[in-house]
file target_38.txt (compact mmCIF, C-alpha atoms)
# COMPACT_ATOMS: atom_id res chain seq x y z
CA MET A 1 -90.64 -42.06 -7.03
CA ILE A 2 -93.21 -40.24 -9.16
CA ARG A 3 -92.04 -36.91 -7.72
CA TRP A 4 -88.50 -37.52 -8.91
CA ARG A 5 -89.73 -38.19 -12.41
CA ALA A 6 -91.74 -34.97 -12.40
CA ALA A 7 -88.74 -32.97 -11.24
CA PHE A 8 -86.52 -34.61 -13.82
CA ARG A 9 -88.95 -33.80 -16.60
CA LEU A 10 -89.29 -30.21 -15.48
CA GLY A 11 -85.49 -29.93 -15.43
CA LEU A 12 -85.35 -31.40 -18.92
CA LEU A 13 -87.95 -28.92 -20.11
CA CYS A 14 -85.97 -26.02 -18.62
CA LEU A 15 -82.83 -27.29 -20.28
CA LEU A 16 -84.70 -27.49 -23.57
CA ALA A 17 -85.99 -23.93 -23.13
CA VAL A 18 -82.50 -22.64 -22.33
CA LEU A 19 -81.02 -24.44 -25.32
CA GLY A 20 -83.70 -23.21 -27.69
CA LEU A 21 -83.43 -19.67 -26.43
CA SER A 22 -79.64 -19.53 -26.66
CA LEU A 23 -79.82 -20.91 -30.18
CA ILE A 24 -82.34 -18.30 -31.26
CA ALA A 25 -80.43 -15.55 -29.46
CA GLU A 26 -77.24 -16.63 -31.23
CA PHE A 27 -78.86 -16.66 -34.68
CA SER A 28 -80.78 -13.44 -34.27
CA ALA A 29 -77.91 -11.42 -32.76
CA PRO A 30 -76.36 -10.24 -36.06
CA GLY A 31 -79.77 -9.30 -37.45
CA ILE A 32 -80.64 -7.38 -34.31
CA ALA A 33 -77.30 -5.56 -34.32
CA ALA A 34 -77.74 -4.57 -37.97
CA GLN A 35 -81.26 -3.49 -37.19
CA GLN A 36 -80.17 -1.28 -34.30
CA ASP A 37 -77.39 0.21 -36.41
CA ALA A 38 -79.80 1.09 -39.22
CA GLN A 39 -82.17 2.57 -36.66
CA ARG A 40 -79.40 4.69 -35.16
CA ARG A 41 -78.42 5.99 -38.60
CA ALA A 42 -82.01 6.91 -39.40
CA MET A 43 -82.30 8.54 -36.00
CA LEU A 44 -79.13 10.61 -36.57
CA ALA A 45 -80.42 11.72 -39.97
CA SER A 46 -83.74 12.71 -38.42
CA VAL A 47 -82.16 15.15 -35.95
CA LEU A 48 -79.77 16.68 -38.47
CA GLY A 49 -82.63 18.54 -40.14
CA ASP A 50 -81.45 20.49 -43.17
CA ALA A 51 -77.87 19.59 -42.28
CA ARG A 52 -78.44 15.96 -43.31
CA GLN A 53 -76.79 16.65 -46.65
CA LEU A 54 -73.49 16.94 -44.81
CA ASP A 55 -71.20 13.97 -45.08
CA ASP A 56 -72.11 11.06 -42.87
CA PRO A 57 -71.80 11.86 -39.21
CA VAL A 58 -68.20 10.97 -38.39
CA SER A 59 -68.36 7.31 -37.53
CA ALA A 60 -66.36 7.47 -34.30
CA PRO A 61 -68.47 9.43 -31.82
CA LEU A 62 -66.92 11.20 -28.87
CA GLN A 63 -67.60 9.66 -25.48
CA VAL A 64 -68.56 12.60 -23.35
CA GLN A 65 -69.22 12.77 -19.66
CA SER A 66 -70.90 15.88 -18.30
CA THR A 67 -73.70 16.52 -15.85
CA ASP A 68 -75.15 18.97 -18.41
CA LEU A 69 -75.93 16.09 -20.75
CA GLY A 70 -77.20 13.84 -17.98
CA SER A 71 -75.86 10.84 -16.12
CA GLY A 72 -73.42 8.38 -17.65
CA ILE A 73 -71.37 8.52 -20.81
CA LYS A 74 -73.05 10.19 -23.77
CA GLN A 75 -72.12 9.77 -27.41
CA VAL A 76 -71.59 12.85 -29.52
CA TRP A 77 -71.54 12.39 -33.31
CA ARG A 78 -70.06 15.09 -35.50
CA ALA A 79 -71.09 15.89 -39.05
CA GLY A 80 -69.43 18.20 -41.50
CA ARG A 81 -67.85 18.66 -44.88
CA ALA A 82 -64.18 18.21 -45.68
CA GLN A 83 -63.02 17.81 -42.09
CA HIS A 84 -64.82 20.97 -41.07
CA ILE A 85 -67.33 20.03 -38.45
CA GLU A 86 -70.56 21.99 -38.74
CA ALA A 87 -73.13 20.05 -36.80
CA LEU A 88 -73.34 17.80 -33.75
CA VAL A 89 -75.73 15.12 -32.63
CA LEU A 90 -75.67 14.63 -28.89
CA GLU A 91 -77.25 12.05 -26.66
CA ALA A 92 -78.67 13.64 -23.57
CA SER A 93 -81.02 12.70 -20.75
CA THR A 94 -82.97 14.23 -17.92
CA GLU A 95 -84.40 12.61 -14.80
CA ASP A 96 -87.10 15.28 -14.47
CA GLY A 97 -89.80 13.63 -16.59
CA TYR A 98 -93.16 12.91 -15.02
CA ASN A 99 -92.16 9.27 -14.70
CA GLY A 100 -88.42 9.75 -14.46
CA ARG A 101 -85.83 9.53 -17.13
CA ILE A 102 -86.25 10.85 -20.69
CA ASP A 103 -83.54 10.15 -23.29
CA VAL A 104 -83.20 12.40 -26.30
CA LEU A 105 -81.04 12.98 -29.34
CA ILE A 106 -80.36 16.63 -30.09
CA GLY A 107 -78.99 17.77 -33.43
CA LEU A 108 -77.55 21.25 -33.60
CA ARG A 109 -75.51 23.51 -35.80
CA LEU A 110 -72.30 24.74 -34.22
CA PRO A 111 -71.55 28.46 -33.84
CA ASP A 112 -69.49 30.01 -36.65
CA ALA A 113 -68.51 33.45 -37.92
CA THR A 114 -72.08 34.50 -38.59
CA ARG A 115 -73.66 32.68 -35.69
CA PRO A 116 -72.43 33.26 -32.15
CA HIS A 117 -74.73 30.62 -30.63
CA SER A 118 -75.40 27.05 -31.59
CA GLU A 119 -78.81 26.45 -33.15
CA VAL A 120 -81.15 23.49 -32.72
CA LEU A 121 -81.70 21.43 -35.86
CA ALA A 122 -84.09 19.00 -34.23
CA VAL A 123 -84.80 17.19 -30.97
CA ARG A 124 -86.13 13.62 -30.81
CA VAL A 125 -87.10 11.60 -27.78
CA ILE A 126 -85.64 8.10 -28.00
CA ALA A 127 -86.84 6.64 -24.70
CA HIS A 128 -89.28 7.77 -22.03
CA HIS A 129 -91.88 6.59 -19.54
CA GLU A 130 -94.32 9.48 -19.81
CA THR A 131 -98.07 8.90 -19.51
CA PRO A 132 -99.65 7.39 -22.64
CA GLY A 133 -102.11 9.83 -24.15
CA LEU A 134 -100.60 12.83 -22.37
CA GLY A 135 -96.85 13.03 -21.90
CA ASP A 136 -96.15 10.76 -24.84
CA GLY A 137 -96.91 13.75 -27.05
CA ILE A 138 -93.20 14.47 -26.69
CA GLU A 139 -92.75 11.78 -29.36
CA ARG A 140 -92.64 13.34 -32.80
CA GLU A 141 -94.88 10.56 -34.14
CA ARG A 142 -97.66 11.61 -31.79
CA SER A 143 -97.45 15.37 -31.73
CA PRO A 144 -95.52 18.10 -33.55
CA TRP A 145 -94.90 19.75 -30.16
CA ILE A 146 -91.18 18.97 -30.17
CA ASP A 147 -90.70 20.79 -33.48
CA GLN A 148 -90.90 24.14 -31.71
CA PHE A 149 -87.22 23.77 -30.81
CA VAL A 150 -86.14 23.85 -34.45
CA GLY A 151 -84.02 26.92 -35.20
CA LYS A 152 -83.92 28.06 -31.58
CA SER A 153 -80.73 29.14 -29.84
CA LEU A 154 -79.89 30.71 -26.51
CA ARG A 155 -80.13 34.13 -28.14
CA ALA A 156 -83.55 33.65 -29.69
CA PRO A 157 -85.39 33.23 -27.41
CA ALA A 158 -83.14 34.69 -24.72
CA SER A 159 -81.73 32.30 -22.19
CA ALA A 160 -84.22 33.32 -19.50
CA GLN A 161 -87.14 32.59 -21.86
CA TRP A 162 -86.33 28.89 -22.06
CA ALA A 163 -89.35 27.86 -20.03
CA VAL A 164 -93.01 26.99 -20.55
CA GLU A 165 -95.49 29.85 -21.00
CA ARG A 166 -96.88 29.27 -17.53
CA ASP A 167 -93.44 30.01 -16.07
CA GLY A 168 -93.10 33.15 -18.19
CA GLY A 169 -91.21 31.43 -20.99
CA ALA A 170 -91.48 31.35 -24.76
CA PHE A 171 -92.44 27.71 -25.26
CA ASP A 172 -95.80 26.00 -25.61
CA THR A 173 -96.82 23.43 -23.07
CA LEU A 174 -97.94 20.02 -24.21
CA ALA A 175 -101.58 19.82 -23.07
CA GLY A 176 -101.81 18.02 -19.75
CA ALA A 177 -98.08 17.42 -19.54
CA THR A 178 -96.45 20.51 -18.03
CA ILE A 179 -93.82 18.48 -16.24
CA SER A 180 -92.74 16.59 -19.36
CA SER A 181 -92.65 19.86 -21.33
CA ARG A 182 -90.63 21.62 -18.67
CA ALA A 183 -88.14 18.75 -18.46
CA LEU A 184 -87.45 18.79 -22.20
CA ILE A 185 -87.20 22.58 -22.49
CA GLU A 186 -84.73 22.71 -19.61
CA LEU A 187 -82.73 19.82 -21.02
CA THR A 188 -82.49 21.43 -24.46
CA ALA A 189 -81.38 24.74 -22.95
CA ARG A 190 -78.80 22.93 -20.83
CA VAL A 191 -77.39 21.13 -23.88
CA LEU A 192 -77.22 24.38 -25.88
CA ARG A 193 -75.39 26.08 -23.03
CA PHE A 194 -72.99 23.15 -22.79
CA VAL A 195 -72.22 23.20 -26.52
CA ASP A 196 -71.84 27.00 -26.65
CA GLN A 197 -69.33 26.71 -23.86
CA HIS A 198 -67.33 23.81 -25.27
CA ALA A 199 -67.85 24.23 -29.02
CA ASP A 200 -64.17 24.51 -29.95
CA ASP A 201 -63.13 21.60 -27.83
CA LEU A 202 -65.92 19.37 -29.21
CA ARG A 203 -64.97 20.39 -32.75
CA ASP A 204 -61.28 19.67 -32.36
CA ALA A 205 -61.37 16.55 -30.20
CA GLU A 206 -60.00 13.40 -31.74
CA GLY A 207 -62.68 11.05 -33.08
CA GLY A 208 -63.68 8.38 -30.60
CA SER A 209 -61.86 9.97 -27.71
CA ARG A 210 -63.29 10.29 -24.26
CA ARG A 211 -63.91 13.74 -22.80
CA GLU A 212 -64.95 14.74 -19.35
CA TYR A 213 -66.33 18.18 -18.57
CA VAL A 214 -66.71 19.33 -15.01
CA ASP A 215 -69.36 21.88 -14.12
CA ALA A 216 -68.08 25.44 -14.06
CA GLU A 217 -70.11 26.13 -10.94
CA MET B 1 -118.54 -33.69 -36.08
CA PRO B 2 -114.93 -32.81 -35.22
CA ASN B 3 -115.28 -29.71 -37.38
CA GLU B 4 -118.26 -28.62 -35.35
CA THR B 5 -116.27 -29.03 -32.15
CA LEU B 6 -113.49 -26.89 -33.57
CA THR B 7 -115.91 -24.15 -34.66
CA GLN B 8 -117.50 -24.26 -31.23
CA ASP B 9 -114.03 -23.91 -29.66
CA VAL B 10 -113.33 -20.81 -31.72
CA ARG B 11 -116.74 -19.24 -31.11
CA SER B 12 -116.57 -19.79 -27.38
CA GLY B 13 -113.63 -17.43 -27.12
CA LEU B 14 -115.18 -14.81 -29.33
CA TRP B 15 -118.26 -14.26 -27.20
CA GLN B 16 -119.53 -16.77 -24.60
CA ASN B 17 -116.21 -17.07 -22.81
CA ASN B 18 -114.51 -13.87 -23.97
CA VAL B 19 -111.25 -13.43 -22.10
CA GLY B 20 -111.86 -9.80 -21.25
CA LEU B 21 -115.65 -9.53 -21.07
CA VAL B 22 -116.49 -12.76 -19.27
CA GLN B 23 -113.37 -14.26 -17.73
CA LEU B 24 -111.99 -10.80 -16.91
CA LEU B 25 -108.49 -12.15 -17.48
CA GLY B 26 -105.59 -10.26 -19.01
CA LEU B 27 -106.94 -6.99 -17.66
CA CYS B 28 -103.49 -5.61 -16.96
CA PRO B 29 -102.46 -5.28 -20.63
CA LEU B 30 -106.08 -4.73 -21.68
CA LEU B 31 -106.45 -1.62 -19.55
CA ALA B 32 -102.90 -0.34 -19.92
CA VAL B 33 -102.48 -0.55 -23.67
CA SER B 34 -105.96 0.42 -24.86
CA THR B 35 -105.16 4.15 -24.91
CA ASN B 36 -105.54 4.21 -28.68
CA ALA B 37 -106.73 1.91 -31.41
CA VAL B 38 -103.35 1.31 -33.06
CA ASN B 39 -101.64 0.23 -29.84
CA ALA B 40 -104.63 -1.96 -29.05
CA LEU B 41 -104.52 -3.60 -32.46
CA ALA B 42 -100.78 -4.22 -32.10
CA LEU B 43 -101.08 -5.78 -28.66
CA GLY B 44 -104.10 -7.80 -29.77
CA LEU B 45 -102.20 -9.27 -32.71
CA ALA B 46 -99.15 -10.01 -30.58
CA SER B 47 -101.30 -11.72 -27.96
CA LEU B 48 -103.07 -13.79 -30.60
CA LEU B 49 -99.74 -14.92 -32.00
CA ALA B 50 -98.36 -15.78 -28.56
CA LEU B 51 -101.53 -17.62 -27.53
CA LEU B 52 -101.50 -19.72 -30.68
CA ALA B 53 -97.83 -20.63 -30.29
CA THR B 54 -97.95 -21.43 -26.58
CA SER B 55 -101.22 -23.38 -26.67
CA THR B 56 -100.01 -25.50 -29.56
CA ALA B 57 -96.68 -26.20 -27.86
CA ILE B 58 -98.25 -27.02 -24.51
CA SER B 59 -100.82 -29.29 -26.10
CA THR B 60 -98.06 -31.09 -28.00
CA LEU B 61 -96.08 -31.62 -24.79
CA ARG B 62 -99.08 -32.30 -22.56
CA ARG B 63 -98.21 -35.97 -21.96
CA PHE B 64 -94.60 -35.14 -21.19
CA ILE B 65 -95.40 -32.46 -18.60
CA ALA B 66 -95.88 -34.03 -15.20
CA ASP B 67 -99.07 -32.98 -13.49
CA GLU B 68 -97.46 -31.97 -10.18
CA VAL B 69 -95.19 -29.39 -11.80
CA ARG B 70 -97.38 -28.33 -14.69
CA ILE B 71 -97.63 -24.66 -13.71
CA PRO B 72 -93.84 -24.03 -13.58
CA ALA B 73 -93.56 -26.02 -16.81
CA PHE B 74 -96.21 -23.83 -18.50
CA VAL B 75 -94.55 -20.65 -17.28
CA THR B 76 -91.16 -21.80 -18.56
CA LEU B 77 -92.61 -22.71 -21.94
CA ILE B 78 -94.61 -19.50 -22.29
CA ALA B 79 -91.67 -17.30 -21.34
CA ALA B 80 -89.31 -19.16 -23.70
CA ILE B 81 -91.72 -19.08 -26.63
CA VAL B 82 -92.66 -15.43 -26.24
CA THR B 83 -89.01 -14.43 -25.88
CA SER B 84 -88.15 -16.45 -28.99
CA ILE B 85 -90.90 -14.73 -30.95
CA GLU B 86 -89.61 -11.37 -29.80
CA LEU B 87 -85.99 -12.11 -30.73
CA ALA B 88 -86.88 -13.55 -34.11
CA MET B 89 -89.17 -10.64 -34.90
CA HIS B 90 -86.52 -8.14 -33.88
CA ALA B 91 -83.98 -9.69 -36.24
CA TRP B 92 -86.10 -10.65 -39.24
CA LEU B 93 -89.29 -8.62 -39.13
CA PRO B 94 -87.99 -5.26 -37.89
CA GLU B 95 -91.03 -3.31 -39.09
CA LEU B 96 -93.43 -5.53 -37.25
CA HIS B 97 -91.17 -5.52 -34.23
CA ARG B 98 -91.27 -1.74 -34.16
CA VAL B 99 -95.04 -1.94 -33.75
CA LEU B 100 -95.36 -4.99 -31.51
CA GLY B 101 -91.93 -5.02 -29.87
CA ILE B 102 -92.71 -3.29 -26.62
CA PHE B 103 -95.89 -5.30 -26.12
CA LEU B 104 -94.42 -8.75 -26.62
CA PRO B 105 -92.66 -9.04 -23.25
CA LEU B 106 -95.89 -7.86 -21.62
CA ILE B 107 -97.69 -10.91 -22.93
CA VAL B 108 -95.76 -13.23 -20.62
CA THR B 109 -97.61 -11.54 -17.78
CA ASN B 110 -101.02 -11.93 -19.44
CA CYS B 111 -102.78 -14.43 -17.22
CA ALA B 112 -105.10 -15.31 -20.09
CA VAL B 113 -102.19 -17.16 -21.72
CA LEU B 114 -101.47 -19.23 -18.62
CA GLY B 115 -105.21 -19.57 -18.10
CA ARG B 116 -105.73 -21.15 -21.53
CA ALA B 117 -102.73 -23.43 -21.02
CA GLU B 118 -104.19 -24.73 -17.78
CA ALA B 119 -107.86 -24.83 -18.76
CA LYS B 120 -107.62 -26.13 -22.29
CA ALA B 121 -104.28 -26.70 -23.98
CA ALA B 122 -103.04 -29.19 -21.39
CA ARG B 123 -106.23 -31.25 -21.67
CA VAL B 124 -107.04 -31.53 -25.38
CA ALA B 125 -105.36 -32.53 -28.65
CA VAL B 126 -103.43 -30.03 -30.73
CA PRO B 127 -106.17 -29.00 -33.22
CA ARG B 128 -108.64 -28.22 -30.45
CA ALA B 129 -106.01 -26.38 -28.44
CA ALA B 130 -105.16 -24.28 -31.49
CA ALA B 131 -108.82 -23.58 -32.22
CA ASP B 132 -109.36 -22.56 -28.62
CA ALA B 133 -106.31 -20.26 -28.73
CA LEU B 134 -107.52 -18.74 -32.00
CA GLY B 135 -110.95 -18.00 -30.52
CA MET B 136 -109.57 -16.61 -27.30
CA GLY B 137 -106.95 -14.53 -29.12
CA LEU B 138 -109.49 -13.10 -31.56
CA GLY B 139 -111.89 -12.42 -28.70
CA PHE B 140 -109.19 -10.52 -26.84
CA LEU B 141 -108.24 -8.72 -30.06
CA TRP B 142 -111.69 -7.36 -30.88
CA LEU B 143 -112.33 -6.27 -27.32
CA LEU B 144 -108.95 -4.50 -27.16
CA VAL B 145 -109.50 -2.72 -30.46
CA LEU B 146 -113.03 -1.69 -29.48
CA LEU B 147 -111.85 -0.36 -26.12
CA GLY B 148 -108.86 1.37 -27.72
CA ALA B 149 -111.01 2.96 -30.43
CA LEU B 150 -113.58 4.19 -27.89
CA ARG B 151 -110.91 5.66 -25.63
CA GLU B 152 -109.10 7.29 -28.53
CA VAL B 153 -112.23 8.83 -30.03
CA LEU B 154 -113.45 10.14 -26.67
CA GLY B 155 -110.09 11.08 -25.21
CA GLN B 156 -108.15 12.44 -28.14
CA GLY B 157 -110.70 13.02 -30.89
CA THR B 158 -108.84 10.79 -33.34
CA LEU B 159 -109.15 7.22 -34.56
CA PHE B 160 -106.26 5.00 -35.62
CA ALA B 161 -103.81 7.90 -35.21
CA GLY B 162 -100.33 6.64 -36.00
CA ALA B 163 -101.61 3.93 -38.33
CA GLY B 164 -99.57 5.50 -41.12
CA SER B 165 -96.19 5.46 -39.39
CA LEU B 166 -96.72 2.26 -37.42
CA LEU B 167 -98.76 0.01 -39.68
CA GLY B 168 -98.25 1.62 -43.07
CA TRP B 169 -101.97 2.33 -43.54
CA PRO B 170 -102.24 6.12 -43.42
CA GLY B 171 -105.73 5.81 -44.94
CA LEU B 172 -107.04 4.53 -41.61
CA GLU B 173 -106.22 7.70 -39.69
CA MET B 174 -109.22 9.83 -38.85
CA ASN B 175 -109.61 13.14 -37.15
CA LEU B 176 -112.92 13.56 -35.41
CA GLY B 177 -112.92 17.06 -34.05
CA GLN B 178 -111.27 19.03 -31.31
CA HIS B 179 -112.95 17.71 -28.18
CA ARG B 180 -110.70 16.11 -25.59
CA TRP B 181 -112.17 14.08 -22.78
CA LEU B 182 -108.94 13.59 -20.94
CA LEU B 183 -110.36 11.15 -18.39
CA MET B 184 -110.86 8.58 -21.13
CA SER B 185 -107.15 8.57 -21.95
CA LEU B 186 -106.26 8.06 -18.30
CA PRO B 187 -106.51 4.70 -16.49
CA PRO B 188 -109.94 5.44 -14.91
CA GLY B 189 -111.39 5.86 -18.40
CA ALA B 190 -110.33 2.31 -19.22
CA PHE B 191 -112.09 0.95 -16.14
CA PHE B 192 -115.29 2.91 -16.81
CA LEU B 193 -115.53 1.83 -20.43
CA LEU B 194 -114.68 -1.80 -19.76
CA ALA B 195 -117.26 -1.88 -16.97
CA LEU B 196 -119.81 -0.42 -19.38
CA LEU B 197 -119.02 -3.07 -22.00
CA VAL B 198 -119.23 -5.88 -19.45
CA ALA B 199 -122.56 -4.54 -18.19
CA MET B 200 -123.93 -4.25 -21.73
CA ARG B 201 -122.95 -7.84 -22.44
CA GLN B 202 -124.58 -9.05 -19.21
CA LYS B 203 -127.76 -7.22 -20.06
CA TRP B 204 -127.83 -8.67 -23.55
CA GLN B 205 -127.18 -12.14 -22.14
CA ALA B 206 -129.97 -11.78 -19.61
CA GLN B 207 -132.41 -10.74 -22.33
CA GLN B 208 -131.34 -13.66 -24.50
CA ARG B 209 -132.03 -16.04 -21.67
CA THR B 210 -135.52 -14.77 -21.00
CA THR B 211 -136.53 -14.80 -24.65
CA THR B 212 -135.28 -18.32 -25.17
CA THR B 213 -136.92 -19.79 -22.06
CA MET B 214 -140.15 -18.06 -23.03
CA THR B 215 -141.41 -18.02 -19.49
CA ALA B 216 -144.50 -16.01 -18.74
CA ASP B 217 -142.74 -14.57 -15.75
CA THR B 218 -140.64 -11.76 -17.24
CA GLN B 219 -140.33 -9.66 -14.12
CA HIS B 220 -136.62 -10.19 -13.72
CA ALA B 221 -135.78 -9.53 -17.36
call {"tool": "encode", "arguments": {"input": "target_38.txt", "output": "structure tokens"}}
result
Amino acid sequence: MIRWRAAFRLGLLCLLAVLGLSLIAEFSAPGIAAQQDAQRRAMLASVLGDARQLDDPVSAPLQVQSTDLGSGIKQVWRAGRAQHIEALVLEASTEDGYNGRIDVLIGLRLPDATRPHSEVLAVRVIAHHETPGLGDGIERERSPWIDQFVGKSLRAPASAQWAVERDGGAFDTLAGATISSRALIELTARVLRFVDQHADDLRDAEGGSRREYVDAE
Amino acid sequence: MPNETLTQDVRSGLWQNNVGLVQLLGLCPLLAVSTNAVNALALGLASLLALLATSTAISTLRRFIADEVRIPAFVTLIAAIVTSIELAMHAWLPELHRVLGIFLPLIVTNCAVLGRAEAKAARVAVPRAAADALGMGLGFLWLLVLLGALREVLGQGTLFAGAGSLLGWPGLEMNLGQHRWLLMSLPPGAFFLLALLVAMRQKWQAQQRTTTTMTADTQHA
């Protein structure tokens, strides 16, 4: 008899917990959504570098699928003045981090008459599992390491130089985190190559549309 | 008299029964998150908050929770309360959530929380349960911050790095030279330093005991 009462009370407690949680989830959902939206906006501004004065990144991002940007569908925001798109912010990811996946946002200026290659405005890591104290230096808050990409394109340094010093490249290694450094350098180069190749298409695509790019190889 | 009991409850957690130094509970977050002082402070505060909330709730419901199923009941309550805190913080205290957010879910796994529920909160009235949680939480907090500060100073040559962007107190940030003792930033460093702190406390305790008993025989001091 006693056992039944215990079970009943436990069930009641669970029900109470579920009710309470759903209530709080329901009430906090709009706040959390607004919060995430504000965070995304701030994030976009942070990778647009000196291009942040451009009009707001076009609200409807492209949904792009390409192995160059990483697995899954990536959003690509476009920023420009008077319908002329000058800069992109791309989501990209690599699985080559020390502890797996690293997600980044890359802001870059598109090629134009004076600039044959797209140029990095800024790179920011938005999610990673790198080792605290070592690999987490890829976060801008912890180390300025990631700023070395600013202003770089596939012409300067040359495409083959997109590697860490140890591999004969032009980029510094984050102390104690060669693998994390290598992963981010390779990812950035891959994204630049992708944008150089598809710049016109990305510029002209209809806002919000879905694009799929298959590897040229 | 009741006030004395409450003070004793708080003090017990700070030193005599310190979660990390004596009970050696909650080591998983303690060792994992003490890589720098700011992270340690954030996790310590989040744990304190969660301990207070869960102990108070469990003490309130202690007569309702049947003895046979108390552990599942505690776990349900702790998980629900911590998740609620996390959701509410995310929506209404976004700045704080940015600092504590990733640590909050970790707290559910902190056995110190379940430990306090079982050892204290389920057995005493609400004020004592809250006092106990406050003591235990503060005890965990100071140990975490001490460990985090030691590891940061030795491993990275900084103290409270990131306090400006995370806590809004840039004045706290200190740069203490170029040395880097990498081992201290890695997990083994956490074990070494915690072991050292535990040993130091044991030694101190042993000395206290011999001086208070005042025995002539001091060989084992």
call {"tool": "residues_around", "arguments": {"input": "target_38.txt", "residues": "segment 87-103 of chain B", "least_positions_apart": "4", "cutoff": "9 Å", "atoms": "only C-alpha atoms", "output": "PyMOL selection string"}}
result
(chain A and resi 24-25+27-35) or (chain B and resi 29+33+38-39+42-43+45-47+82-83+107+166-167)
call {"tool": "closest_residue", "arguments": {"input": "target_38.txt", "among": "B:Ile58, B:Leu176, B:Val113, B:Leu196", "to": "chain A", "atoms": "only C-alpha atoms"}}
result
B:Ile58
call {"tool": "atom_distance", "arguments": {"input": "target_38.txt", "atom1": "atom CA of Arg3 of chain A", "atom2": "atom CA of Val18 of chain A"}}
result
22.5 Å
call {"tool": "closest_residue", "arguments": {"input": "target_38.txt", "among": "A:Val214, A:Leu69, A:Ala158, A:Ala175", "to": "chain B", "atoms": "only C-alpha atoms"}}
result
A:Ala175
call {"tool": "residues_near_point", "arguments": {"input": "target_38.txt", "point": "(-95.9, 19.2, -13.3)", "cutoff": "12 Å", "atoms": "all atoms listed in the file", "output": "ChimeraX atom specification"}}
result
/A:96-99,130,135,164,166-167,173-183
call {"tool": "atom_distance", "arguments": {"input": "target_38.txt", "atom1": "atom CA of Leu154 of chain B", "atom2": "atom CA of Phe191 of chain B"}}
result
14.0 Å
call {"tool": "atom_distance", "arguments": {"input": "target_38.txt", "atom1": "atom CA of Leu197 of chain B", "atom2": "atom CA of Leu21 of chain B"}}
result
7.3 Å
call {"tool": "closest_residue", "arguments": {"input": "target_38.txt", "among": "A:Ala205, A:Ile185, A:Leu121, A:Val195", "to": "Ser66 of chain A", "atoms": "only C-alpha atoms"}}
result
A:Val195
call {"tool": "closest_residue", "arguments": {"input": "target_38.txt", "among": "B:Leu134, B:Leu27, B:Gly148, B:Arg180", "to": "Thr109 of chain B", "atoms": "all atoms listed in the file"}}
result
B:Leu27
call {"tool": "residues_around", "arguments": {"input": "target_38.txt", "residues": "Gln205 of chain B", "least_positions_apart": "3", "cutoff": "12 Å", "atoms": "all atoms listed in the file", "output": "PDB file with C-alpha atoms, in the coordinates of the input"}}
result
ATOM      1  CA  TRP B  15    -118.260 -14.260 -27.200  1.00  0.00           C
ATOM      2  CA  GLN B  16    -119.530 -16.770 -24.600  1.00  0.00           C
ATOM      3  CA  LEU B  21    -115.650  -9.530 -21.070  1.00  0.00           C
ATOM      4  CA  VAL B  22    -116.490 -12.760 -19.270  1.00  0.00           C
ATOM      5  CA  VAL B 198    -119.230  -5.880 -19.450  1.00  0.00           C
ATOM      6  CA  ALA B 199    -122.560  -4.540 -18.190  1.00  0.00           C
ATOM      7  CA  MET B 200    -123.930  -4.250 -21.730  1.00  0.00           C
ATOM      8  CA  ARG B 201    -122.950  -7.840 -22.440  1.00  0.00           C
ATOM      9  CA  GLN B 202    -124.580  -9.050 -19.210  1.00  0.00           C
ATOM     10  CA  GLN B 208    -131.340 -13.660 -24.500  1.00  0.00           C
ATOM     11  CA  ARG B 209    -132.030 -16.040 -21.670  1.00  0.00           C
ATOM     12  CA  THR B 210    -135.520 -14.770 -21.000  1.00  0.00           C
ATOM     13  CA  THR B 211    -136.530 -14.800 -24.650  1.00  0.00           C
ATOM     14  CA  THR B 212    -135.280 -18.320 -25.170  1.00  0.00           C
ATOM     15  CA  ALA B 221    -135.780  -9.530 -17.360  1.00  0.00           C
TER      16      ALA B 221
END
call {"tool": "residues_around", "arguments": {"input": "target_38.txt", "residues": "Pro116 of chain A", "least_positions_apart": "3", "cutoff": "10 Å", "atoms": "only C-alpha atoms", "output": "PyMOL selection string"}}
result
chain A and resi 110-113+119+153-155+196
call {"tool": "residues_near_point", "arguments": {"input": "target_38.txt", "point": "(-60.1, 12.0, -34.4)", "cutoff": "12 Å", "atoms": "all atoms listed in the file", "output": "PyMOL selection string"}}
result
chain A and resi 58-63+77-78+83+85+202-210
call {"tool": "write_last_selection", "arguments": {"input": "target_38.txt", "atoms": "C-alpha atoms", "output": "tab-separated table (two decimals), keeping the file's coordinate frame"}}
result
chain	number	residue	atom	x	y	z
A	58	VAL	CA	-68.20	10.97	-38.39
A	59	SER	CA	-68.36	7.31	-37.53
A	60	ALA	CA	-66.36	7.47	-34.30
A	61	PRO	CA	-68.47	9.43	-31.82
A	62	LEU	CA	-66.92	11.20	-28.87
A	63	GLN	CA	-67.60	9.66	-25.48
A	77	TRP	CA	-71.54	12.39	-33.31
A	78	ARG	CA	-70.06	15.09	-35.50
A	83	GLN	CA	-63.02	17.81	-42.09
A	85	ILE	CA	-67.33	20.03	-38.45
A	202	LEU	CA	-65.92	19.37	-29.21
A	203	ARG	CA	-64.97	20.39	-32.75
A	204	ASP	CA	-61.28	19.67	-32.36
A	205	ALA	CA	-61.37	16.55	-30.20
A	206	GLU	CA	-60.00	13.40	-31.74
A	207	GLY	CA	-62.68	11.05	-33.08
A	208	GLY	CA	-63.68	8.38	-30.60
A	209	SER	CA	-61.86	9.97	-27.71
A	210	ARG	CA	-63.29	10.29	-24.26
